$ cat data-v2.cif   # mmCIF, C-alpha atoms
data_structure
#
loop_
_atom_site.label_atom_id
_atom_site.label_comp_id
_atom_site.auth_asym_id
_atom_site.auth_seq_id
_atom_site.Cartn_x
_atom_site.Cartn_y
_atom_site.Cartn_z
CA MET L 1 0.00 0.00 0.00
CA VAL L 2 1.38 3.35 -0.97
CA SER L 3 2.15 5.73 1.87
CA ARG L 4 0.45 9.10 2.33
CA TRP L 5 3.71 10.89 1.57
CA ALA L 6 4.22 8.90 -1.63
CA SER L 7 0.70 9.80 -2.77
CA LEU L 8 1.38 13.46 -2.05
CA PHE L 9 4.61 13.26 -4.05
CA LEU L 10 2.81 11.82 -7.10
CA VAL L 11 0.12 14.51 -6.88
CA LEU L 12 2.87 17.14 -6.90
CA VAL L 13 4.48 15.44 -9.88
CA ALA L 14 1.14 15.61 -11.69
CA SER L 15 1.11 19.38 -11.36
CA CYS L 16 4.52 19.58 -13.03
CA VAL L 17 3.91 17.22 -15.95
CA ILE L 18 4.01 18.80 -19.38
CA PRO L 19 0.39 19.08 -20.53
CA GLY L 20 -0.71 16.33 -22.89
CA SER L 21 -2.84 16.97 -25.94
CA ARG L 22 -6.48 15.94 -25.61
CA ALA L 23 -7.77 18.03 -28.52
CA SER L 24 -7.03 15.20 -30.98
CA ASN L 25 -9.05 12.56 -29.09
CA VAL L 26 -11.51 10.95 -31.50
CA THR L 27 -13.91 9.80 -28.78
CA SER L 28 -14.53 10.11 -25.04
CA LEU L 29 -12.78 8.19 -22.28
CA THR L 30 -16.05 6.64 -21.10
CA GLY L 31 -16.24 2.87 -21.56
CA THR L 32 -14.36 -0.36 -20.86
CA TRP L 33 -10.93 -0.65 -22.42
CA THR L 34 -8.88 -3.85 -22.65
CA SER L 35 -5.42 -4.83 -23.87
CA LYS L 36 -4.56 -6.81 -27.00
CA SER L 37 -5.18 -10.26 -25.45
CA ASP L 38 -8.90 -9.39 -25.33
CA ALA L 39 -9.22 -11.66 -22.29
CA VAL L 40 -9.24 -9.34 -19.26
CA PHE L 41 -12.28 -7.15 -18.56
CA THR L 42 -13.41 -5.21 -15.53
CA GLY L 43 -16.71 -6.15 -13.93
CA PRO L 44 -18.11 -9.27 -12.23
CA GLY L 45 -16.23 -11.64 -14.54
CA PHE L 46 -12.95 -10.64 -12.92
CA TYR L 47 -13.89 -9.94 -9.31
CA ASP L 48 -16.83 -11.28 -7.30
CA PRO L 49 -17.38 -8.86 -4.39
CA VAL L 50 -19.79 -11.21 -2.61
CA ASP L 51 -17.29 -14.05 -2.16
CA GLU L 52 -14.36 -11.62 -2.54
CA LEU L 53 -12.98 -13.88 -5.26
CA LEU L 54 -10.58 -12.95 -8.06
CA VAL L 55 -11.11 -15.07 -11.18
CA GLU L 56 -8.06 -15.86 -13.31
CA PRO L 57 -8.66 -15.00 -17.01
CA ARG L 58 -7.47 -17.34 -19.77
CA LEU L 59 -4.70 -14.91 -20.81
CA PRO L 60 -2.81 -12.04 -19.12
CA GLY L 61 -3.85 -8.48 -19.81
CA LEU L 62 -5.14 -5.15 -18.50
CA SER L 63 -8.53 -3.48 -18.43
CA PHE L 64 -9.76 -0.04 -17.39
CA SER L 65 -13.30 1.30 -17.19
CA PHE L 66 -14.35 4.94 -16.85
CA THR L 67 -17.72 6.60 -16.29
CA ASP L 68 -18.82 10.08 -17.27
CA ASP L 69 -19.21 11.11 -13.62
CA GLY L 70 -15.66 10.39 -12.44
CA TYR L 71 -15.54 6.72 -11.42
CA TYR L 72 -13.06 4.12 -12.62
CA GLU L 73 -12.30 0.43 -12.24
CA GLU L 74 -9.24 -1.56 -13.19
CA ALA L 75 -8.39 -5.25 -13.60
CA PHE L 76 -4.80 -6.43 -14.01
CA TYR L 77 -3.57 -9.95 -14.74
CA ILE L 78 0.20 -9.81 -15.07
CA VAL L 79 2.52 -12.79 -15.54
CA HIS L 80 6.29 -12.39 -15.08
CA SER L 81 8.57 -14.98 -16.65
CA ASN L 82 11.55 -16.37 -14.78
CA PRO L 83 14.58 -16.54 -17.13
CA THR L 84 16.67 -18.58 -14.69
CA THR L 85 13.85 -21.02 -13.95
CA PRO L 86 11.38 -20.99 -16.89
CA GLY L 87 9.00 -23.30 -15.08
CA CYS L 88 8.53 -20.81 -12.25
CA PRO L 89 6.62 -17.78 -13.59
CA THR L 90 4.89 -15.51 -11.10
CA ALA L 91 1.39 -14.15 -11.59
CA VAL L 92 -0.46 -11.18 -10.08
CA LEU L 93 -4.17 -10.40 -10.23
CA GLN L 94 -5.21 -6.94 -9.02
CA PHE L 95 -8.57 -5.24 -8.68
CA GLN L 96 -9.19 -1.61 -7.77
CA HIS L 97 -11.94 0.94 -8.21
CA GLY L 98 -12.63 4.45 -7.04
CA GLU L 99 -12.65 7.98 -8.44
CA TYR L 100 -10.51 9.58 -11.11
CA VAL L 101 -9.69 13.18 -11.96
CA LEU L 102 -8.69 14.56 -15.35
CA ASN L 103 -6.11 17.16 -14.41
CA SER L 104 -5.77 20.42 -16.34
CA ASN L 105 -2.27 19.43 -17.48
CA GLY L 106 -3.55 16.35 -19.30
CA SER L 107 -2.73 13.77 -16.63
CA ILE L 108 -5.11 11.39 -14.84
CA SER L 109 -5.13 10.85 -11.07
CA MET L 110 -6.84 7.72 -9.74
CA PHE L 111 -7.91 7.53 -6.10
CA PRO L 112 -8.94 3.98 -5.12
CA ILE L 113 -11.41 2.94 -2.43
CA ALA L 114 -8.77 1.48 -0.11
CA VAL L 115 -10.87 -1.24 1.56
CA ASP L 116 -12.10 -2.68 -1.74
CA GLY L 117 -8.80 -3.30 -3.56
CA ARG L 118 -7.64 -6.93 -3.80
CA GLN L 119 -4.46 -8.67 -4.95
CA LEU L 120 -3.70 -12.34 -5.59
CA TYR L 121 0.00 -13.22 -5.95
CA SER L 122 1.13 -16.66 -7.08
CA ASP L 123 4.62 -18.15 -7.20
CA PRO L 124 4.25 -21.91 -7.83
CA CYS L 125 7.89 -22.67 -7.04
CA THR L 126 7.94 -21.14 -3.57
CA SER L 127 4.46 -21.93 -2.28
CA ASN L 128 1.58 -24.29 -3.02
CA SER L 129 -0.90 -21.54 -2.21
CA SER L 130 -1.38 -17.97 -3.42
CA ASP L 131 -1.16 -14.85 -1.26
CA TYR L 132 -4.51 -13.03 -1.20
CA THR L 133 -4.40 -9.54 0.33
CA ARG L 134 -6.05 -6.13 0.31
CA TYR L 135 -4.46 -3.77 -2.17
CA SER L 136 -4.59 0.02 -2.46
CA GLN L 137 -2.38 2.07 -4.77
CA PHE L 138 -2.86 5.68 -5.85
CA GLU L 139 -2.06 5.92 -9.54
CA LEU L 140 -0.97 8.78 -11.75
CA TYR L 141 -0.88 8.63 -15.55
CA SER L 142 1.02 11.61 -16.94
CA GLU L 143 -0.74 11.65 -20.31
CA TRP L 144 -3.48 9.99 -22.31
CA ASN L 145 -4.92 10.16 -25.79
CA ILE L 146 -7.43 8.26 -27.90
CA VAL L 147 -6.89 7.51 -31.58
CA ILE L 148 -8.21 5.07 -34.17
CA ASP L 149 -5.83 2.14 -34.50
CA SER L 150 -4.90 1.88 -38.18
CA TYR L 151 -4.42 -1.91 -38.03
CA ARG L 152 -7.35 -3.03 -35.87
CA GLY L 153 -9.76 -0.28 -36.87
CA GLN L 154 -10.76 0.25 -33.20
CA TYR L 155 -10.57 3.12 -30.75
CA ARG L 156 -7.22 2.85 -28.95
CA LEU L 157 -6.44 4.42 -25.59
CA ASN L 158 -2.79 5.30 -25.02
CA LEU L 159 -1.82 5.77 -21.37
CA TYR L 160 1.54 6.87 -20.00
CA GLU L 161 2.70 6.22 -16.45
CA TRP L 162 3.76 9.03 -14.12
CA ASP L 163 7.34 8.88 -15.48
CA GLY L 164 6.25 8.81 -19.14
CA THR L 165 6.55 5.03 -19.62
CA PRO L 166 3.86 3.91 -22.08
CA VAL L 167 1.27 1.40 -20.90
CA ARG L 168 0.36 -1.33 -23.36
CA PRO L 169 -2.35 -0.08 -25.77
CA LEU L 170 -5.97 -0.50 -24.70
CA TYR L 171 -8.92 -0.95 -27.06
CA LEU L 172 -12.54 0.02 -26.52
CA ALA L 173 -14.58 -3.10 -25.69
CA TYR L 174 -17.81 -1.87 -24.04
CA ARG L 175 -19.77 1.35 -23.91
CA PRO L 176 -21.42 1.93 -21.49
CA PRO L 177 -18.66 0.44 -19.34
CA LEU L 178 -18.79 -3.04 -17.83
CA MET L 179 -18.28 -2.29 -14.13
CA LEU L 180 -19.18 -3.32 -10.61
CA PRO L 181 -21.04 -0.84 -8.36
CA THR L 182 -19.00 2.32 -7.80
CA VAL L 183 -19.76 2.42 -4.05
CA THR L 184 -17.73 0.76 -1.29
CA MET L 185 -18.55 -2.94 -1.64
CA ASN L 186 -16.58 -4.51 1.22
CA PRO L 187 -16.48 -1.91 4.00
CA THR L 188 -14.51 -2.40 7.19
CA THR L 189 -16.11 -1.58 10.54
CA ALA L 190 -14.74 1.96 10.41
CA ALA L 191 -15.99 2.52 6.89
CA ALA L 192 -19.38 1.06 7.73
CA SER L 193 -19.89 3.53 10.56
CA SER L 194 -19.18 6.48 8.26
CA THR L 195 -21.61 5.66 5.46
CA SER L 196 -24.85 3.72 5.66
CA THR L 197 -25.02 3.48 1.85
CA SER L 198 -21.84 1.42 1.77
CA VAL L 199 -23.10 -0.89 4.49
CA SER L 200 -26.20 -1.90 2.58
CA SER L 201 -24.62 -1.93 -0.88
CA ARG L 202 -23.02 -5.34 -0.39
CA HIS L 203 -26.40 -6.92 0.26
CA ARG L 204 -27.85 -5.34 -2.87
CA ILE L 205 -25.20 -6.77 -5.18
CA LYS L 206 -26.47 -9.65 -7.30
CA ARG L 207 -24.10 -12.13 -8.85
CA SER L 208 -24.05 -12.07 -12.64
CA PHE L 209 -22.02 -15.26 -13.05
CA GLN L 210 -21.38 -18.59 -11.32
CA ASN L 211 -17.96 -19.10 -9.77
CA ARG L 212 -18.07 -22.83 -10.32
CA HIS L 213 -16.01 -24.03 -13.30
CA VAL L 214 -14.48 -20.52 -13.63
CA THR L 215 -11.76 -20.71 -11.00
CA ASN L 216 -9.63 -23.32 -9.26
CA ALA L 217 -10.73 -21.97 -5.89
CA TYR L 218 -13.37 -24.08 -4.19
CA LYS L 219 -15.00 -24.64 -0.85
CA LYS L 220 -14.37 -27.97 0.85
CA SER L 221 -17.34 -30.13 1.75
CA TYR L 222 -17.55 -32.68 4.54
CA LEU L 223 -19.45 -35.07 2.23
CA ASN L 224 -17.68 -36.88 -0.60
CA TYR L 225 -20.40 -36.62 -3.21
CA ASP L 226 -18.42 -38.51 -5.84
CA PHE L 227 -18.02 -41.50 -3.51
CA TRP L 228 -21.71 -41.71 -2.66
CA TRP L 229 -22.75 -41.22 -6.29
CA TRP L 230 -20.61 -44.10 -7.50
CA THR L 231 -21.69 -46.22 -4.54
CA GLY L 232 -25.31 -45.67 -5.60
CA VAL L 233 -24.48 -46.64 -9.19
CA PHE L 234 -22.78 -49.87 -8.12
CA LEU L 235 -25.66 -50.76 -5.80
CA MET L 236 -28.21 -50.24 -8.58
CA VAL L 237 -26.15 -52.22 -11.11
CA GLY L 238 -25.45 -54.97 -8.58
CA GLY L 239 -29.08 -55.17 -7.49
CA GLY L 240 -30.31 -55.27 -11.07
CA SER L 241 -27.83 -57.98 -12.03
CA SER L 242 -28.80 -60.09 -9.01
CA TYR L 243 -32.50 -59.78 -9.85
CA ILE L 244 -31.93 -60.86 -13.47
CA PHE L 245 -29.76 -63.77 -12.32
CA LEU L 246 -32.41 -65.00 -9.85
CA GLN L 247 -35.20 -64.69 -12.43
CA ALA L 248 -33.15 -66.68 -14.95
CA ARG L 249 -32.50 -69.36 -12.35
CA GLN L 250 -36.19 -69.67 -11.52
CA LEU L 251 -37.12 -70.03 -15.21
CA LYS L 252 -34.45 -72.68 -15.67
CA THR L 253 -35.60 -74.78 -12.69
CA ALA L 254 -39.26 -74.43 -13.72
#

$ encode --input "data-v2.cif" --output "C-alpha cells"
Amino acid sequence: MVSRWASLFLVLVASCVIPGSRASNVTSLTGTWTSKSDAVFTGPGFYDPVDELLVEPRLPGLSFSFTDDGYYEEAFYIVHSNPTTPGCPTAVLQFQHGEYVLNSNGSISMFPIAVDGRQLYSDPCTSNSSDYTRYSQFELYSEWNIVIDSYRGQYRLNLYEWDGTPVRPLYLAYRPPLMLPTVTMNPTTAAASSTSTSVSSRHRIKRSFQNRHVTNAYKKSYLNYDFWWWTGVFLMVGGGSSYIFLQARQLKTA
C-alpha cells in the first residue's frame, strides 16, 4: 500500500507534468478498455465482491473502465517470466476501483477505495498456495490520448505512467462500461460507521455469473459426493444384475 507521503509526491508530480494533448481525441474516455489479449475485462467476470474472489482470465492483460461522472475500475492480470527457472513464472491479479480526476495538465489521477482493492499473488515454485491480500495504490498517468488504430480499426487508448513510460495499448470493448457498483462494496467496521449506503450496498449486489467451473478456488465439503454417487451406481447395477440372475435361475428350474 502506498504511503500518504508517496501519494502526495505523485500529486505534486502531476502538477509539473508537461500538458498532454487531448484536442485530438476521437472519442470520449467513457467505456471499458482492454489490452490486446482481449481476455481481461473489468466487472463481475474478474472480481466477485460477494465471495471476494478474483477469477483468473485465460490470458494475461489489463482493463480499465471509466464513467462520465468520475468513477473508474481496473483489472490487471500480469505474468512475469523467470529466465533462470522458466518453469517458475509468477502471476499477479489486481482489482481496484474508485474515483478519477482529469487534471488540467492532461494527466489522470486515480484515487482507489482502499478497503475494496484486492491482490492475488502466485509463485508456484515457492508456495503451493497464493497470497490473497487487500491492495490500495494511488495511480498517476502523466498523459493519455485516444486515436483510431490503423491496423485493428478500433478506438485505442494510449496511457503513460507518471514517469512517461507507455502502458500497453488499450482498445474500446464496451460502452457503457462493464463495471461493478462504484460504491464501497466490502467496508470495514470503520468505513461502515461512516456511510450507511456502503453498508447496505453489499447486500444489494447480485451475482451475474457462477464461480463454479471458472476458478480453481473451491470450498471444501464434509461429504464426498463422488463417492456416494458411484456407490449408488454400483448398488443399482449390482441389485439389477442379481434380480436378473435370480429370475433366470427360476425359469431354468421351472

$ residues_around --input "data-v2.cif" --residues "L:Ile148" --least-positions-apart "6" --cutoff "9 Å" --atoms "all atoms listed in the file" --output "list in words"
Val26, Gln154, Tyr155, Arg156 and Leu157 of chain L

$ write_last_selection --input "data-v2.cif" --atoms "C-alpha atoms" --output "short mmCIF file (atom, residue, chain, number, x, y, z; two decimals), in the frame of the given file"
data_model
loop_
_atom_site.label_atom_id
_atom_site.label_comp_id
_atom_site.auth_asym_id
_atom_site.auth_seq_id
_atom_site.Cartn_x
_atom_site.Cartn_y
_atom_site.Cartn_z
CA VAL L 26 -11.51 10.95 -31.50
CA GLN L 154 -10.76 0.25 -33.20
CA TYR L 155 -10.57 3.12 -30.75
CA ARG L 156 -7.22 2.85 -28.95
CA LEU L 157 -6.44 4.42 -25.59
#

$ closest_atom_pairs --input "data-v2.cif" --of "stretch 143-178 of chain L" --to "stretch 95-102 of chain L" --cutoff "12 Å" --atoms "all atoms listed in the file" --output "tab-separated table"
residue	atom	partner	partner_atom	distance
L:Glu143	CA	L:Leu102	CA	9.8
L:Trp144	CA	L:Leu102	CA	9.8
L:Asn145	CA	L:Leu102	CA	11.9

$ closest_atom_pairs --input "data-v2.cif" --of "stretch 55-91 of chain L" --to "stretch 106-114 of chain L" --cutoff "10 Å" --atoms "all atoms listed in the file" --output "CSV"
residue,atom,partner,partner_atom,distance
L:Gly70,CA,L:Met110,CA,9.6
L:Tyr71,CA,L:Met110,CA,8.9
L:Tyr72,CA,L:Met110,CA,7.7
L:Glu73,CA,L:Pro112,CA,8.6
L:Glu74,CA,L:Pro112,CA,9.8

$ resolve_selection --input "data-v2.cif" --expression "the PyMOL selection byres ((chain L and resi 65) around 6)" --output "list in words"
Gly31, Thr32, Phe64, Phe66, Tyr72, Glu73 and Pro177 of chain L

$ closest_residue --input "data-v2.cif" --among "L:Leu62, L:Met179, L:Val92, L:Ile244" --to "L:Thr133" --atoms "only C-alpha atoms"
L:Val92

$ closest_residue --input "data-v2.cif" --among "L:Trp162, L:Leu246, L:Thr27, L:Leu172" --to "L:Glu139" --atoms "all atoms listed in the file"
L:Trp162

$ atom_distance --input "data-v2.cif" --atom1 "atom CA of L:Trp33" --atom2 "atom CA of L:Pro89"
26.1 Å

$ residues_around --input "data-v2.cif" --residues "L:Thr30" --least-positions-apart "2" --cutoff "6 Å" --atoms "all atoms listed in the file" --output "list of chain:residue names"
L:Ser28, L:Phe66, L:Thr67, L:Asp68

$ resolve_selection --input "data-v2.cif" --expression "the PyMOL selection byres ((chain L and resi 180-184) around 6)" --output "VMD selection string"
chain L and resid 43 179 185 to 186 198

$ resolve_selection --input "data-v2.cif" --expression "the PyMOL selection byres ((chain L and resi 118-129) around 12)" --output "PyMOL selection string"
chain L and resi 1+46-49+52-56+74-82+85-97+112-117+130-137+185-186+216-217

$ atom_distance --input "data-v2.cif" --atom1 "atom CA of L:Ile146" --atom2 "atom CA of L:Ser35"
13.8 Å

$ atom_distance --input "data-v2.cif" --atom1 "atom CA of L:Leu59" --atom2 "atom CA of L:Phe41"
11.1 Å

$ closest_residue --input "data-v2.cif" --among "L:Gly232, L:Gly61, L:Gly164, L:Gly239" --to "L:Asp38" --atoms "all atoms listed in the file"
L:Gly61

$ build_atoms --input "data-v2.cif" --residues "stretch 39-64 of chain L" --atoms "N, CA and C atoms" --output "PDB file, keeping the file's coordinate frame"
ATOM      1  N   ALA L  39      -8.804 -10.622 -23.233  1.00  0.00           N
ATOM      2  CA  ALA L  39      -9.220 -11.660 -22.290  1.00  0.00           C
ATOM      3  C   ALA L  39      -9.517 -11.120 -20.899  1.00  0.00           C
ATOM      4  N   VAL L  40      -9.059  -9.908 -20.589  1.00  0.00           N
ATOM      5  CA  VAL L  40      -9.240  -9.340 -19.260  1.00  0.00           C
ATOM      6  C   VAL L  40     -10.205  -8.157 -19.357  1.00  0.00           C
ATOM      7  N   PHE L  41     -11.290  -8.224 -18.567  1.00  0.00           N
ATOM      8  CA  PHE L  41     -12.280  -7.150 -18.560  1.00  0.00           C
ATOM      9  C   PHE L  41     -12.655  -6.835 -17.108  1.00  0.00           C
ATOM     10  N   THR L  42     -12.895  -5.584 -16.840  1.00  0.00           N
ATOM     11  CA  THR L  42     -13.410  -5.210 -15.530  1.00  0.00           C
ATOM     12  C   THR L  42     -14.825  -5.764 -15.378  1.00  0.00           C
ATOM     13  N   GLY L  43     -15.351  -5.666 -14.149  1.00  0.00           N
ATOM     14  CA  GLY L  43     -16.710  -6.150 -13.930  1.00  0.00           C
ATOM     15  C   GLY L  43     -16.744  -7.462 -13.168  1.00  0.00           C
ATOM     16  N   PRO L  44     -17.923  -8.070 -13.058  1.00  0.00           N
ATOM     17  CA  PRO L  44     -18.110  -9.270 -12.230  1.00  0.00           C
ATOM     18  C   PRO L  44     -17.411 -10.511 -12.760  1.00  0.00           C
ATOM     19  N   GLY L  45     -16.959 -10.495 -14.029  1.00  0.00           N
ATOM     20  CA  GLY L  45     -16.230 -11.640 -14.540  1.00  0.00           C
ATOM     21  C   GLY L  45     -14.811 -11.734 -14.035  1.00  0.00           C
ATOM     22  N   PHE L  46     -14.316 -10.647 -13.444  1.00  0.00           N
ATOM     23  CA  PHE L  46     -12.950 -10.640 -12.920  1.00  0.00           C
ATOM     24  C   PHE L  46     -12.919 -10.680 -11.402  1.00  0.00           C
ATOM     25  N   TYR L  47     -13.860  -9.976 -10.762  1.00  0.00           N
ATOM     26  CA  TYR L  47     -13.890  -9.940  -9.310  1.00  0.00           C
ATOM     27  C   TYR L  47     -15.321 -10.086  -8.806  1.00  0.00           C
ATOM     28  N   ASP L  48     -15.531 -11.055  -7.925  1.00  0.00           N
ATOM     29  CA  ASP L  48     -16.830 -11.280  -7.300  1.00  0.00           C
ATOM     30  C   ASP L  48     -16.790 -10.662  -5.900  1.00  0.00           C
ATOM     31  N   PRO L  49     -17.451  -9.530  -5.683  1.00  0.00           N
ATOM     32  CA  PRO L  49     -17.380  -8.860  -4.390  1.00  0.00           C
ATOM     33  C   PRO L  49     -18.158  -9.556  -3.286  1.00  0.00           C
ATOM     34  N   VAL L  50     -19.023 -10.488  -3.631  1.00  0.00           N
ATOM     35  CA  VAL L  50     -19.790 -11.210  -2.610  1.00  0.00           C
ATOM     36  C   VAL L  50     -18.899 -12.240  -1.920  1.00  0.00           C
ATOM     37  N   ASP L  51     -18.224 -13.075  -2.718  1.00  0.00           N
ATOM     38  CA  ASP L  51     -17.290 -14.050  -2.160  1.00  0.00           C
ATOM     39  C   ASP L  51     -15.872 -13.500  -2.059  1.00  0.00           C
ATOM     40  N   GLU L  52     -15.674 -12.252  -2.506  1.00  0.00           N
ATOM     41  CA  GLU L  52     -14.360 -11.620  -2.540  1.00  0.00           C
ATOM     42  C   GLU L  52     -13.355 -12.520  -3.277  1.00  0.00           C
ATOM     43  N   LEU L  53     -13.735 -12.913  -4.478  1.00  0.00           N
ATOM     44  CA  LEU L  53     -12.980 -13.880  -5.260  1.00  0.00           C
ATOM     45  C   LEU L  53     -12.480 -13.267  -6.554  1.00  0.00           C
ATOM     46  N   LEU L  54     -11.173 -13.362  -6.792  1.00  0.00           N
ATOM     47  CA  LEU L  54     -10.580 -12.950  -8.060  1.00  0.00           C
ATOM     48  C   LEU L  54     -10.544 -14.156  -8.993  1.00  0.00           C
ATOM     49  N   VAL L  55     -11.021 -13.978 -10.217  1.00  0.00           N
ATOM     50  CA  VAL L  55     -11.110 -15.070 -11.180  1.00  0.00           C
ATOM     51  C   VAL L  55     -10.017 -14.917 -12.227  1.00  0.00           C
ATOM     52  N   GLU L  56      -9.186 -15.927 -12.379  1.00  0.00           N
ATOM     53  CA  GLU L  56      -8.060 -15.860 -13.310  1.00  0.00           C
ATOM     54  C   GLU L  56      -8.549 -15.955 -14.757  1.00  0.00           C
ATOM     55  N   PRO L  57      -8.283 -14.934 -15.594  1.00  0.00           N
ATOM     56  CA  PRO L  57      -8.660 -15.000 -17.010  1.00  0.00           C
ATOM     57  C   PRO L  57      -7.812 -16.035 -17.752  1.00  0.00           C
ATOM     58  N   ARG L  58      -8.197 -16.328 -18.996  1.00  0.00           N
ATOM     59  CA  ARG L  58      -7.470 -17.340 -19.770  1.00  0.00           C
ATOM     60  C   ARG L  58      -6.110 -16.834 -20.244  1.00  0.00           C
ATOM     61  N   LEU L  59      -5.959 -15.503 -20.374  1.00  0.00           N
ATOM     62  CA  LEU L  59      -4.700 -14.910 -20.810  1.00  0.00           C
ATOM     63  C   LEU L  59      -4.413 -13.664 -19.988  1.00  0.00           C
ATOM     64  N   PRO L  60      -3.138 -13.280 -19.828  1.00  0.00           N
ATOM     65  CA  PRO L  60      -2.810 -12.040 -19.120  1.00  0.00           C
ATOM     66  C   PRO L  60      -3.290 -10.819 -19.892  1.00  0.00           C
ATOM     67  N   GLY L  61      -3.445  -9.714 -19.179  1.00  0.00           N
ATOM     68  CA  GLY L  61      -3.850  -8.480 -19.810  1.00  0.00           C
ATOM     69  C   GLY L  61      -4.269  -7.437 -18.803  1.00  0.00           C
ATOM     70  N   LEU L  62      -4.705  -6.278 -19.316  1.00  0.00           N
ATOM     71  CA  LEU L  62      -5.140  -5.150 -18.500  1.00  0.00           C
ATOM     72  C   LEU L  62      -6.512  -4.695 -18.967  1.00  0.00           C
ATOM     73  N   SER L  63      -7.257  -4.086 -18.055  1.00  0.00           N
ATOM     74  CA  SER L  63      -8.530  -3.480 -18.430  1.00  0.00           C
ATOM     75  C   SER L  63      -8.822  -2.297 -17.522  1.00  0.00           C
ATOM     76  N   PHE L  64      -9.313  -1.220 -18.121  1.00  0.00           N
ATOM     77  CA  PHE L  64      -9.760  -0.040 -17.390  1.00  0.00           C
ATOM     78  C   PHE L  64     -11.182   0.284 -17.816  1.00  0.00           C
TER      79      PHE L  64
END
